[in-house]
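*Asks:* File name start_17.pdb; file contents PDB, C-alpha atoms; full text below.
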ATOM      1  CA  MET A   7     -48.436 -12.744  -6.573
ATOM      2  CA  GLN A   8     -45.219 -13.688  -8.337
ATOM      3  CA  GLN A   9     -44.720 -17.289  -9.341
ATOM      4  CA  PRO A  10     -41.762 -19.052  -7.618
ATOM      5  CA  GLN A  11     -38.761 -19.396  -9.878
ATOM      6  CA  THR A  12     -37.697 -22.894 -10.845
ATOM      7  CA  VAL A  13     -33.944 -23.509 -10.573
ATOM      8  CA  THR A  14     -32.868 -26.120 -13.085
ATOM      9  CA  ASP A  15     -29.756 -28.317 -13.052
ATOM     10  CA  LEU A  16     -28.452 -26.269 -15.960
ATOM     11  CA  ASP A  17     -28.717 -23.083 -13.897
ATOM     12  CA  VAL A  18     -26.833 -24.674 -11.011
ATOM     13  CA  ALA A  19     -24.086 -25.950 -13.324
ATOM     14  CA  SER A  20     -23.762 -22.559 -14.973
ATOM     15  CA  ALA A  21     -23.541 -20.773 -11.635
ATOM     16  CA  THR A  22     -20.985 -23.242 -10.303
ATOM     17  CA  LYS A  23     -18.856 -22.861 -13.414
ATOM     18  CA  SER A  24     -18.911 -19.076 -13.186
ATOM     19  CA  VAL A  25     -17.800 -19.236  -9.533
ATOM     20  CA  MET A  26     -15.053 -21.795 -10.090
ATOM     21  CA  LYS A  27     -13.690 -20.352 -13.317
ATOM     22  CA  LYS A  28     -10.016 -19.591 -12.696
ATOM     23  CA  LEU A  29      -8.592 -19.027 -16.182
ATOM     24  CA  PRO A  30      -9.101 -16.145 -18.644
ATOM     25  CA  GLU A  31     -10.947 -15.983 -21.924
ATOM     26  CA  VAL A  32      -8.640 -16.437 -24.930
ATOM     27  CA  THR A  33      -8.835 -13.144 -26.821
ATOM     28  CA  LEU A  34      -6.415 -10.923 -28.706
ATOM     29  CA  ALA A  35      -5.575  -9.179 -25.416
ATOM     30  CA  PHE A  36      -4.694 -12.601 -23.957
ATOM     31  CA  TRP A  37      -2.073 -13.217 -26.658
ATOM     32  CA  ILE A  38      -0.614  -9.706 -26.361
ATOM     33  CA  MET A  39      -0.170 -10.214 -22.621
ATOM     34  CA  LYS A  40       1.277 -13.692 -23.180
ATOM     35  CA  ILE A  41       3.946 -12.343 -25.538
ATOM     36  CA  ALA A  42       4.728  -9.449 -23.169
ATOM     37  CA  ALA A  43       5.044 -11.844 -20.207
ATOM     38  CA  THR A  44       7.250 -14.328 -22.054
ATOM     39  CA  THR A  45       9.504 -11.583 -23.421
ATOM     40  CA  LEU A  46       9.883 -10.210 -19.895
ATOM     41  CA  GLY A  47      10.546 -13.747 -18.672
ATOM     42  CA  GLU A  48      13.484 -13.962 -21.092
ATOM     43  CA  THR A  49      15.038 -10.611 -20.190
ATOM     44  CA  ALA A  50      14.431 -11.010 -16.433
ATOM     45  CA  GLY A  51      15.827 -14.552 -16.394
ATOM     46  CA  ASP A  52      18.966 -13.345 -18.188
ATOM     47  CA  LEU A  53      19.156 -10.364 -15.802
ATOM     48  CA  PHE A  54      19.451 -12.608 -12.745
ATOM     49  CA  ALA A  55      21.514 -15.408 -14.283
ATOM     50  CA  GLN A  56      23.902 -13.462 -16.527
ATOM     51  CA  THR A  57      23.933  -9.732 -15.746
ATOM     52  CA  LEU A  58      23.911 -10.230 -11.962
ATOM     53  CA  LYS A  59      26.069 -13.358 -12.460
ATOM     54  CA  LEU A  60      24.018 -15.574 -10.147
ATOM     55  CA  GLY A  61      24.321 -18.380 -12.667
ATOM     56  CA  TYR A  62      21.791 -20.711 -14.204
ATOM     57  CA  PHE A  63      21.855 -23.206 -11.332
ATOM     58  CA  LEU A  64      21.091 -20.849  -8.427
ATOM     59  CA  THR A  65      18.705 -18.722 -10.484
ATOM     60  CA  THR A  66      16.734 -21.768 -11.625
ATOM     61  CA  ILE A  67      16.279 -22.947  -8.029
ATOM     62  CA  ALA A  68      15.199 -19.469  -6.870
ATOM     63  CA  LEU A  69      12.802 -18.918  -9.772
ATOM     64  CA  PHE A  70      11.299 -22.391  -9.434
ATOM     65  CA  LEU A  71      10.547 -21.637  -5.774
ATOM     66  CA  LEU A  72       8.971 -18.355  -6.907
ATOM     67  CA  PHE A  73       6.851 -20.332  -9.382
ATOM     68  CA  VAL A  74       5.658 -22.643  -6.584
ATOM     69  CA  VAL A  75       4.664 -19.672  -4.401
ATOM     70  CA  THR A  76       2.766 -17.915  -7.193
ATOM     71  CA  LEU A  77       1.104 -21.188  -8.217
ATOM     72  CA  VAL A  78      -0.127 -21.844  -4.667
ATOM     73  CA  VAL A  79      -1.672 -18.361  -4.575
ATOM     74  CA  GLN A  80      -3.360 -19.002  -7.945
ATOM     75  CA  LEU A  81      -4.658 -22.438  -6.941
ATOM     76  CA  ARG A  82      -6.022 -21.158  -3.621
ATOM     77  CA  SER A  83      -7.884 -18.315  -5.303
ATOM     78  CA  SER A  84     -11.619 -18.942  -5.555
ATOM     79  CA  ARG A  85     -12.018 -17.222  -8.934
ATOM     80  CA  TYR A  86     -10.112 -15.787 -11.868
ATOM     81  CA  ASN A  87      -7.780 -12.975 -10.835
ATOM     82  CA  PRO A  88      -5.705 -11.461 -13.686
ATOM     83  CA  PHE A  89      -2.859 -10.454 -11.362
ATOM     84  CA  PHE A  90      -2.514 -13.973  -9.911
ATOM     85  CA  TYR A  91      -2.807 -15.645 -13.311
ATOM     86  CA  TRP A  92      -0.263 -13.495 -15.144
ATOM     87  CA  THR A  93       2.157 -13.617 -12.218
ATOM     88  CA  VAL A  94       2.265 -17.400 -12.618
ATOM     89  CA  ILE A  95       2.733 -17.050 -16.395
ATOM     90  CA  LEU A  96       5.640 -14.669 -15.759
ATOM     91  CA  SER A  97       7.219 -16.942 -13.154
ATOM     92  CA  THR A  98       7.004 -19.959 -15.497
ATOM     93  CA  SER A  99       8.619 -17.860 -18.242
ATOM     94  CA  MET A 100      11.516 -16.778 -16.012
ATOM     95  CA  ALA A 101      12.018 -20.266 -14.562
ATOM     96  CA  GLY A 102      11.720 -21.754 -18.054
ATOM     97  CA  THR A 103      14.403 -19.391 -19.363
ATOM     98  CA  THR A 104      17.038 -20.353 -16.813
ATOM     99  CA  THR A 105      16.049 -24.044 -16.734
ATOM    100  CA  SER A 106      16.479 -24.251 -20.501
ATOM    101  CA  ASP A 107      19.801 -22.420 -20.334
ATOM    102  CA  PHE A 108      21.024 -24.724 -17.562
ATOM    103  CA  MET A 109      20.035 -27.804 -19.559
ATOM    104  CA  ASN A 110      21.433 -26.710 -22.910
ATOM    105  CA  ARG A 111      24.470 -24.566 -22.184
ATOM    106  CA  ASP A 112      27.867 -25.146 -20.585
ATOM    107  CA  ALA A 113      30.771 -23.107 -19.181
ATOM    108  CA  SER A 114      32.262 -22.199 -22.572
ATOM    109  CA  THR A 115      32.901 -18.509 -23.196
ATOM    110  CA  LYS A 116      30.340 -18.259 -26.005
ATOM    111  CA  PHE A 117      27.578 -18.541 -23.388
ATOM    112  CA  LEU A 118      29.109 -15.970 -21.008
ATOM    113  CA  SER A 119      28.464 -12.259 -21.277
ATOM    114  CA  GLY A 120      31.051  -9.494 -20.954
ATOM    115  CA  ASP A 121      34.277 -10.448 -19.174
ATOM    116  CA  ALA A 122      32.687 -13.154 -17.037
ATOM    117  CA  THR A 123      34.624 -16.399 -16.660
ATOM    118  CA  SER A 124      31.941 -18.217 -14.688
ATOM    119  CA  LEU A 125      28.372 -17.717 -13.539
ATOM    120  CA  GLY A 126      27.442 -18.113  -9.907
ATOM    121  CA  TRP A 127      27.873 -21.082  -7.615
ATOM    122  CA  GLY A 128      27.390 -24.658  -8.688
ATOM    123  CA  PRO A 129      27.457 -26.287 -12.120
ATOM    124  CA  GLN A 130      27.454 -23.866 -15.031
ATOM    125  CA  GLY A 131      25.216 -26.031 -17.182
ATOM    126  CA  LEU A 132      24.628 -29.574 -18.401
ATOM    127  CA  GLY A 133      25.690 -28.783 -21.973
ATOM    128  CA  LEU A 134      23.044 -30.976 -23.605
ATOM    129  CA  GLY A 135      22.634 -28.619 -26.556
ATOM    130  CA  TYR A 136      19.420 -27.131 -27.921
ATOM    131  CA  PRO A 137      18.253 -30.135 -30.039
ATOM    132  CA  ALA A 138      18.721 -32.652 -27.204
ATOM    133  CA  GLY A 139      17.193 -30.277 -24.652
ATOM    134  CA  ALA A 140      14.189 -29.626 -26.897
ATOM    135  CA  ALA A 141      13.718 -33.378 -27.507
ATOM    136  CA  ILE A 142      13.653 -34.050 -23.748
ATOM    137  CA  LEU A 143      11.184 -31.235 -23.115
ATOM    138  CA  ILE A 144       8.917 -32.316 -25.986
ATOM    139  CA  SER A 145       8.847 -35.831 -24.486
ATOM    140  CA  ILE A 146       7.929 -34.464 -21.045
ATOM    141  CA  LEU A 147       5.210 -32.264 -22.548
ATOM    142  CA  LEU A 148       3.733 -35.228 -24.435
ATOM    143  CA  VAL A 149       3.667 -37.218 -21.188
ATOM    144  CA  VAL A 150       1.804 -34.371 -19.453
ATOM    145  CA  PHE A 151      -0.753 -34.268 -22.261
ATOM    146  CA  ALA A 152      -1.087 -38.084 -22.223
ATOM    147  CA  VAL A 153      -1.816 -38.057 -18.483
ATOM    148  CA  TRP A 154      -4.213 -35.163 -19.010
ATOM    149  CA  LYS A 155      -6.087 -37.057 -21.726
ATOM    150  CA  ALA A 156      -6.223 -40.191 -19.590
ATOM    151  CA  THR A 157      -8.085 -38.239 -16.894
ATOM    152  CA  GLY A 158     -10.840 -37.464 -19.397
ATOM    153  CA  MET A 159     -10.771 -33.744 -18.567
ATOM    154  CA  THR A 160     -11.061 -31.073 -21.228
ATOM    155  CA  PHE A 161      -8.135 -29.291 -22.873
ATOM    156  CA  GLN A 162     -10.300 -26.218 -23.470
ATOM    157  CA  ILE A 163      -8.933 -23.456 -21.262
ATOM    158  CA  ARG A 164     -12.345 -21.811 -20.832
ATOM    159  CA  ASP A 165     -13.826 -25.069 -19.490
ATOM    160  CA  ILE A 166     -11.114 -25.891 -16.920
ATOM    161  CA  VAL A 167     -12.862 -25.417 -13.580
ATOM    162  CA  SER A 168     -11.409 -28.139 -11.308
ATOM    163  CA  PHE A 169      -8.278 -28.181  -9.140
ATOM    164  CA  ARG A 170      -6.872 -31.238 -10.917
ATOM    165  CA  GLY A 171      -7.520 -29.735 -14.343
ATOM    166  CA  GLU A 172      -5.805 -26.505 -13.352
ATOM    167  CA  ALA A 173      -2.810 -28.406 -11.927
ATOM    168  CA  LEU A 174      -2.393 -30.243 -15.244
ATOM    169  CA  PHE A 175      -2.774 -26.952 -17.109
ATOM    170  CA  TRP A 176       0.038 -25.297 -15.151
ATOM    171  CA  SER A 177       2.280 -28.346 -15.540
ATOM    172  CA  ALA A 178       1.874 -28.066 -19.306
ATOM    173  CA  ILE A 179       2.514 -24.307 -19.140
ATOM    174  CA  LEU A 180       5.789 -24.702 -17.218
ATOM    175  CA  VAL A 181       7.137 -27.345 -19.614
ATOM    176  CA  SER A 182       5.939 -25.513 -22.738
ATOM    177  CA  ASN A 183       7.581 -22.251 -21.637
ATOM    178  CA  THR A 184      10.848 -24.086 -20.981
ATOM    179  CA  LEU A 185      10.574 -25.808 -24.365
ATOM    180  CA  GLY A 186       9.829 -22.493 -26.051
ATOM    181  CA  THR A 187      13.028 -21.025 -24.624
ATOM    182  CA  SER A 188      15.068 -23.875 -26.109
ATOM    183  CA  MET A 189      13.394 -23.383 -29.486
ATOM    184  CA  GLY A 190      13.939 -19.621 -29.391
ATOM    185  CA  ASP A 191      17.602 -19.927 -28.427
ATOM    186  CA  PHE A 192      18.146 -22.490 -31.170
ATOM    187  CA  LEU A 193      16.634 -20.168 -33.764
ATOM    188  CA  SER A 194      18.643 -17.199 -32.493
ATOM    189  CA  ASP A 195      22.015 -18.824 -31.839
ATOM    190  CA  SER A 196      22.319 -21.972 -33.947
ATOM    191  CA  SER A 197      20.056 -21.686 -36.979
ATOM    192  CA  GLY A 198      21.801 -18.703 -38.549
ATOM    193  CA  LEU A 199      18.577 -16.664 -38.614
ATOM    194  CA  GLY A 200      19.627 -14.351 -35.806
ATOM    195  CA  TYR A 201      17.298 -12.728 -33.290
ATOM    196  CA  ALA A 202      15.204 -10.708 -35.738
ATOM    197  CA  GLY A 203      15.070 -13.566 -38.252
ATOM    198  CA  GLY A 204      13.991 -16.054 -35.587
ATOM    199  CA  ALA A 205      11.247 -13.699 -34.387
ATOM    200  CA  LEU A 206       9.996 -13.216 -37.959
ATOM    201  CA  LEU A 207       9.927 -16.978 -38.564
ATOM    202  CA  VAL A 208       7.885 -17.644 -35.428
ATOM    203  CA  SER A 209       5.568 -14.731 -36.277
ATOM    204  CA  GLY A 210       4.974 -16.289 -39.693
ATOM    205  CA  ALA A 211       4.150 -19.643 -38.091
ATOM    206  CA  LEU A 212       1.665 -17.931 -35.765
ATOM    207  CA  ALA A 213       0.045 -16.218 -38.760
ATOM    208  CA  VAL A 214      -0.441 -19.666 -40.342
ATOM    209  CA  LEU A 215      -2.156 -20.856 -37.150
ATOM    210  CA  VAL A 216      -4.514 -17.879 -37.299
ATOM    211  CA  ALA A 217      -5.415 -18.805 -40.879
ATOM    212  CA  LEU A 218      -6.012 -22.435 -39.848
ATOM    213  CA  MET A 219      -8.634 -21.282 -37.349
ATOM    214  CA  LYS A 220     -10.938 -20.870 -40.356
ATOM    215  CA  VAL A 221     -10.460 -24.523 -41.349
ATOM    216  CA  PRO A 222     -13.238 -26.578 -39.707
ATOM    217  CA  VAL A 223     -11.323 -29.884 -39.667
ATOM    218  CA  VAL A 224      -8.478 -28.442 -37.545
ATOM    219  CA  PRO A 225      -9.400 -28.427 -33.826
ATOM    220  CA  ASN A 226      -9.038 -24.999 -32.264
ATOM    221  CA  VAL A 227      -7.789 -26.532 -29.025
ATOM    222  CA  LEU A 228      -4.818 -28.017 -30.921
ATOM    223  CA  LEU A 229      -4.088 -24.638 -32.511
ATOM    224  CA  PHE A 230      -4.254 -23.001 -29.069
ATOM    225  CA  TRP A 231      -1.591 -25.231 -27.561
ATOM    226  CA  ILE A 232       0.702 -24.956 -30.599
ATOM    227  CA  ALA A 233       0.337 -21.172 -30.436
ATOM    228  CA  PHE A 234       0.965 -21.222 -26.692
ATOM    229  CA  VAL A 235       4.271 -23.033 -27.243
ATOM    230  CA  LEU A 236       5.285 -20.833 -30.204
ATOM    231  CA  THR A 237       4.657 -17.533 -28.420
ATOM    232  CA  ARG A 238       7.448 -18.522 -26.002
ATOM    233  CA  PRO A 239      10.234 -18.674 -28.650
ATOM    234  CA  LEU A 240       8.805 -15.437 -30.032
ATOM    235  CA  GLY A 241       9.307 -13.880 -26.598
ATOM    236  CA  ALA A 242      12.747 -15.465 -26.278
ATOM    237  CA  THR A 243      14.000 -14.157 -29.634
ATOM    238  CA  ALA A 244      12.391 -10.743 -29.051
ATOM    239  CA  GLY A 245      13.985 -10.527 -25.600
ATOM    240  CA  ASP A 246      17.413 -11.445 -26.960
ATOM    241  CA  PHE A 247      16.975  -8.953 -29.791
ATOM    242  CA  LEU A 248      16.392  -6.203 -27.225
ATOM    243  CA  THR A 249      19.261  -7.104 -24.896
ATOM    244  CA  LYS A 250      22.106  -8.663 -26.885
ATOM    245  CA  PRO A 251      25.040  -6.592 -28.226
ATOM    246  CA  VAL A 252      24.809  -4.927 -31.621
ATOM    247  CA  ALA A 253      27.728  -7.060 -32.812
ATOM    248  CA  LYS A 254      25.570 -10.151 -32.254
ATOM    249  CA  GLY A 255      22.524  -8.669 -33.990
ATOM    250  CA  GLY A 256      20.766  -7.183 -30.963
ATOM    251  CA  LEU A 257      19.847  -3.664 -29.901
ATOM    252  CA  ASP A 258      22.042  -3.741 -26.753
ATOM    253  CA  LEU A 259      19.369  -2.134 -24.562
ATOM    254  CA  GLY A 260      20.457  -4.228 -21.586
ATOM    255  CA  THR A 261      18.554  -6.724 -19.475
ATOM    256  CA  ALA A 262      17.767  -4.266 -16.667
ATOM    257  CA  GLY A 263      16.331  -1.499 -18.851
ATOM    258  CA  SER A 264      14.440  -3.871 -21.120
ATOM    259  CA  SER A 265      12.984  -5.742 -18.135
ATOM    260  CA  ALA A 266      11.861  -2.496 -16.496
ATOM    261  CA  VAL A 267      10.049  -1.317 -19.625
ATOM    262  CA  LEU A 268       8.441  -4.717 -20.251
ATOM    263  CA  LEU A 269       7.360  -4.955 -16.601
ATOM    264  CA  ALA A 270       5.675  -1.550 -16.844
ATOM    265  CA  VAL A 271       3.881  -2.640 -20.028
ATOM    266  CA  LEU A 272       2.734  -5.914 -18.472
ATOM    267  CA  LEU A 273       1.540  -4.231 -15.263
ATOM    268  CA  GLY A 274      -0.473  -1.773 -17.349
ATOM    269  CA  LEU A 275      -2.097  -4.604 -19.297
ATOM    270  CA  VAL A 276      -2.837  -6.557 -16.106
ATOM    271  CA  ALA A 277      -4.390  -3.464 -14.485
ATOM    272  CA  PHE A 278      -6.612  -3.038 -17.543
ATOM    273  CA  ALA A 279      -7.612  -6.726 -17.417
ATOM    274  CA  GLN A 280      -8.319  -6.397 -13.686
ATOM    275  CA  ALA A 281     -10.609  -3.420 -14.296
ATOM    276  CA  GLN A 282     -12.440  -5.290 -17.055
ATOM    277  CA  GLU A 283     -12.877  -8.328 -14.815
ATOM    278  CA  ARG A 284     -14.407  -6.187 -12.079
ATOM    279  CA  ARG A 285     -16.868  -4.663 -14.537
ATOM    280  CA  THR A 286     -17.983  -8.044 -15.862
ATOM    281  CA  THR A 287     -18.335  -9.702 -12.438
ATOM    282  CA  THR A 288     -19.919  -6.866 -10.463
ATOM    283  CA  PRO A 289     -23.605  -7.790 -10.088
ATOM    284  CA  ARG A 290     -26.107  -5.264 -11.283
ATOM    285  CA  PRO A 291     -28.774  -4.112  -8.825
ATOM    286  CA  PRO A 292     -32.130  -5.772  -9.450
ATOM    287  CA  GLU A 293     -34.543  -3.758 -11.499
ATOM    288  CA  ARG A 294     -37.596  -2.531  -9.677
ATOM    289  CA  GLU A 295     -40.967  -3.577 -10.983
ATOM    290  CA  PRO A 296     -43.182  -0.651 -12.012
ATOM    291  CA  VAL A 297     -45.724   0.288  -9.368
ATOM    292  CA  THR A 298     -49.255   0.274 -10.754
ATOM    293  CA  GLN A 299     -52.005   2.163  -8.981
ATOM    294  CA  GLN A 300     -55.058   0.028  -8.380
ATOM    295  CA  ALA A 301     -58.423   1.554  -9.063
ATOM    296  CA  ASP A 302     -60.760   2.031  -6.117
TER
END
As structure tokens, what does this structure read like?

*Replies:*
Amino acid sequence: MQQPQTVTDLDVASATKSVMKKLPEVTLAFWIMKIAATTLGETAGDLFAQTLKLGYFLTTIALFLLFVVTLVVQLRSSRYNPFFYWTVILSTSMAGTTTSDFMNRDASTKFLSGDATSLGWGPQGLGLGYPAGAAILISILLVVFAVWKATGMTFQIRDIVSFRGEALFWSAILVSNTLGTSMGDFLSDSSGLGYAGGALLVSGALAVLVALMKVPVVPNVLLFWIAFVLTRPLGATAGDFLTKPVAKGGLDLGTAGSSAVLLAVLLGLVAFAQAQERRTTTPRPPEREPVTQQAD
């Protein structure tokens, strides 16, 4: 007769965590998808606001509503779903692009593409400028992290398993993606580095963060959040490099074509992640015990 199995508190906690886990593991594939999503967020945001001439104001409202819808779907999900997760990342990237542009830019011709004299209905932009816009967003992000720390919940993405922790996580993501857009636009437009130069600078900073992972005194969770912010300006400068005119240092591939290609790449990566998730979560059938013949 088999002995009854003893279920410990540790087993229950482990099982609960595996059921409630809503966020992905941070791997190399995670960062590749993050850069692809943020680059698409830049080109798609510019597609709606500039190419289709809806303007920053209307586009920001529409994309923020899209973010709310995708976030509700993610929060209501009972477990990690790559499609839900990366849809929210993409929506925060698009909303962050147009929100940053609305905060920092104005109606001057240097911010208008082609022969446009205005963009959409409503105010063209607040004209705060990239430094002031970045300072405001950094302050908001610090407040989010201060509230998060005051709750006593972990900053480790792999250990976030509660509704409140996930809500704080997505608040930080939305602000960091908006901040990253401001940083990327500053590097591309105001620093003199240009699109390619800005992308190379951010890539170098990310390489330094990778090297710091080997330094024991530097917390990996701090490196994660710095990298998460920096991958957004990398996507912003890469997106501008793809879409802006050759005269301005870009490849002039257009927002529509670039967005279509990036969307196909991201969908392929999400499909791969979805297949991997199914393989890792599908329970294996229990192994049968060998049947032994008893002697007469």

*Asks:* My list of candidates is A:Pro225, A:Gly200, A:Gly241, A:Gly131. Which is closest to Gly256 in chain A when distances are computed with only C-alpha atoms?

*Replies:*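 Among the listed residues, A:Gly200 lies closest to Gly256 in chain A.
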
*Asks:* Which is closest to Ala68 in chain A among A:Ala211, A:Ala141, A:Met219, A:Met100, if we use all atoms listed in the file?

*Replies:*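 Between A:Ala211, A:Ala141, A:Met219, A:Met100, the residue approaching Ala68 in chain A most closely is A:Met100.
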
*Asks:* Please put the answer as lines of an AutoDock Vina configuration file: centre and edge lengths, in Å with one decimal, of a box along x, y and z that encloses all listed atoms of range 71-77 of chain A plus 6 Å on each side.

*Replies:*
center_x = 5.8
center_y = -20.3
center_z = -6.9
size_x = 21.4
size_y = 16.7
size_z = 17.0

*Asks:* Dig up all the protein and nucleic acid residues within 6 Å of (12.7, -14.3, -24.1) in the file frame, using all atoms listed in the file, and format them as an mmCIF file with C-alpha atoms, in the coordinates of the input.

*Replies:*
data_model
loop_
_atom_site.group_PDB
_atom_site.id
_atom_site.type_symbol
_atom_site.label_atom_id
_atom_site.label_comp_id
_atom_site.auth_asym_id
_atom_site.auth_seq_id
_atom_site.Cartn_x
_atom_site.Cartn_y
_atom_site.Cartn_z
ATOM 1 C CA THR A 44 7.250 -14.328 -22.054
ATOM 2 C CA THR A 45 9.504 -11.583 -23.421
ATOM 3 C CA GLY A 47 10.546 -13.747 -18.672
ATOM 4 C CA GLU A 48 13.484 -13.962 -21.092
ATOM 5 C CA THR A 49 15.038 -10.611 -20.190
ATOM 6 C CA GLY A 241 9.307 -13.880 -26.598
ATOM 7 C CA ALA A 242 12.747 -15.465 -26.278
ATOM 8 C CA THR A 243 14.000 -14.157 -29.634
ATOM 9 C CA GLY A 245 13.985 -10.527 -25.600
#

*Asks:* Using only C-alpha atoms, pick whichever of A:Ala152, A:Ala279, A:Val267, A:Ala233 has the shortest atom-to-atom distance to Tyr91 in chain A.

*Replies:* A:Ala279

*Asks:* Quick one: distance from CA of Leu34 in chain A to CA of Leu193 in chain A in Å, one decimal?

*Replies:*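 So the answer is 25.3 Å.
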
*Asks:* List as an MDAnalysis selection string the protein and nucleic acid residues near Leu134 in chain A, meaning an atom at most 9 Å away when all atoms listed in the file are counted, but skip any in the same chain fewer than 5 places from it.

*Replies:* chainID A and resid 108:112 139

*Asks:* Write the residues you've just listed into a file as a PDB file, in the coordinates of the input, and include C-alpha atoms for each of them.

*Replies:*
ATOM      1  CA  PHE A 108      21.024 -24.724 -17.562  1.00  0.00           C
ATOM      2  CA  MET A 109      20.035 -27.804 -19.559  1.00  0.00           C
ATOM      3  CA  ASN A 110      21.433 -26.710 -22.910  1.00  0.00           C
ATOM      4  CA  ARG A 111      24.470 -24.566 -22.184  1.00  0.00           C
ATOM      5  CA  ASP A 112      27.867 -25.146 -20.585  1.00  0.00           C
ATOM      6  CA  GLY A 139      17.193 -30.277 -24.652  1.00  0.00           C
TER       7      GLY A 139
END

*Asks:* What's the 10 Å shell around Asp165 in chain A, counting all atoms listed in the file, without same-chain residues fewer than 2 positions away, as an MDAnalysis selection string?

*Replies:* chainID A and resid 23 27:29 31 159:163 167:168 171

*Asks:* Which residue is closest to Arg170 in chain A? Choose from A:Ile67, A:Val223, A:Val153, A:Leu125 and count all atoms listed in the file.

*Replies:* A:Val153

*Asks:* Would you write out, as a ChimeraX atom specification, every residue that the PyMOL selection byres ((chain A and resi 144-148) around 10) captures in this file?

*Replies:* /A:138-143,149-154,177-182,184-186

*Asks:* For the structure provided, state which residues fall under the PyMOL selection byres ((chain A and resi 69) around 9), and present them as a ChimeraX atom specification.

*Replies:* /A:51,64-68,70-74,97-98,100-102,104

*Asks:* Which residues would end up in the selection if the PyMOL selection byres ((chain A and resi 208) around 8) were applied here, given that I need the answer as an mmCIF file with C-alpha atoms, in the frame of the given file?

*Replies:*
data_model
loop_
_atom_site.group_PDB
_atom_site.id
_atom_site.type_symbol
_atom_site.label_atom_id
_atom_site.label_comp_id
_atom_site.auth_asym_id
_atom_site.auth_seq_id
_atom_site.Cartn_x
_atom_site.Cartn_y
_atom_site.Cartn_z
ATOM 1 C CA GLY A 204 13.991 -16.054 -35.587
ATOM 2 C CA ALA A 205 11.247 -13.699 -34.387
ATOM 3 C CA LEU A 206 9.996 -13.216 -37.959
ATOM 4 C CA LEU A 207 9.927 -16.978 -38.564
ATOM 5 C CA SER A 209 5.568 -14.731 -36.277
ATOM 6 C CA GLY A 210 4.974 -16.289 -39.693
ATOM 7 C CA ALA A 211 4.150 -19.643 -38.091
ATOM 8 C CA LEU A 212 1.665 -17.931 -35.765
ATOM 9 C CA LEU A 236 5.285 -20.833 -30.204
ATOM 10 C CA THR A 237 4.657 -17.533 -28.420
ATOM 11 C CA PRO A 239 10.234 -18.674 -28.650
ATOM 12 C CA LEU A 240 8.805 -15.437 -30.032
#

*Asks:* Please measure the separation of CA of Thr103 in chain A and CA of Gly126 in chain A, giving the value in Å to one decimal.

*Replies:*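 The value is 16.2 Å.
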
*Asks:* When distances are computed from all atoms listed in the file, which of A:Ala262, A:Ile38, A:Val75, A:Ala55 shows the smallest separation from Gln130 in chain A?

*Replies:*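 Of A:Ala262, A:Ile38, A:Val75, A:Ala55, the one nearest Gln130 in chain A, counting all atoms listed in the file, is A:Ala55.
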
*Asks:* One decimal, in Å: what's the spacing between CA of Ile95 in chain A and CA of Leu218 in chain A?

*Replies:*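 Going from CA of Ile95 in chain A over to CA of Leu218 in chain A covers 25.6 Å.
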
*Asks:* Which residue out of A:Ser99, A:Ser106, A:Ser197, A:Gln282 has the minimum interatomic distance to Phe234 in chain A when all atoms listed in the file are used?

*Replies:*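 So, comparing all the options, the nearest one is A:Ser99.
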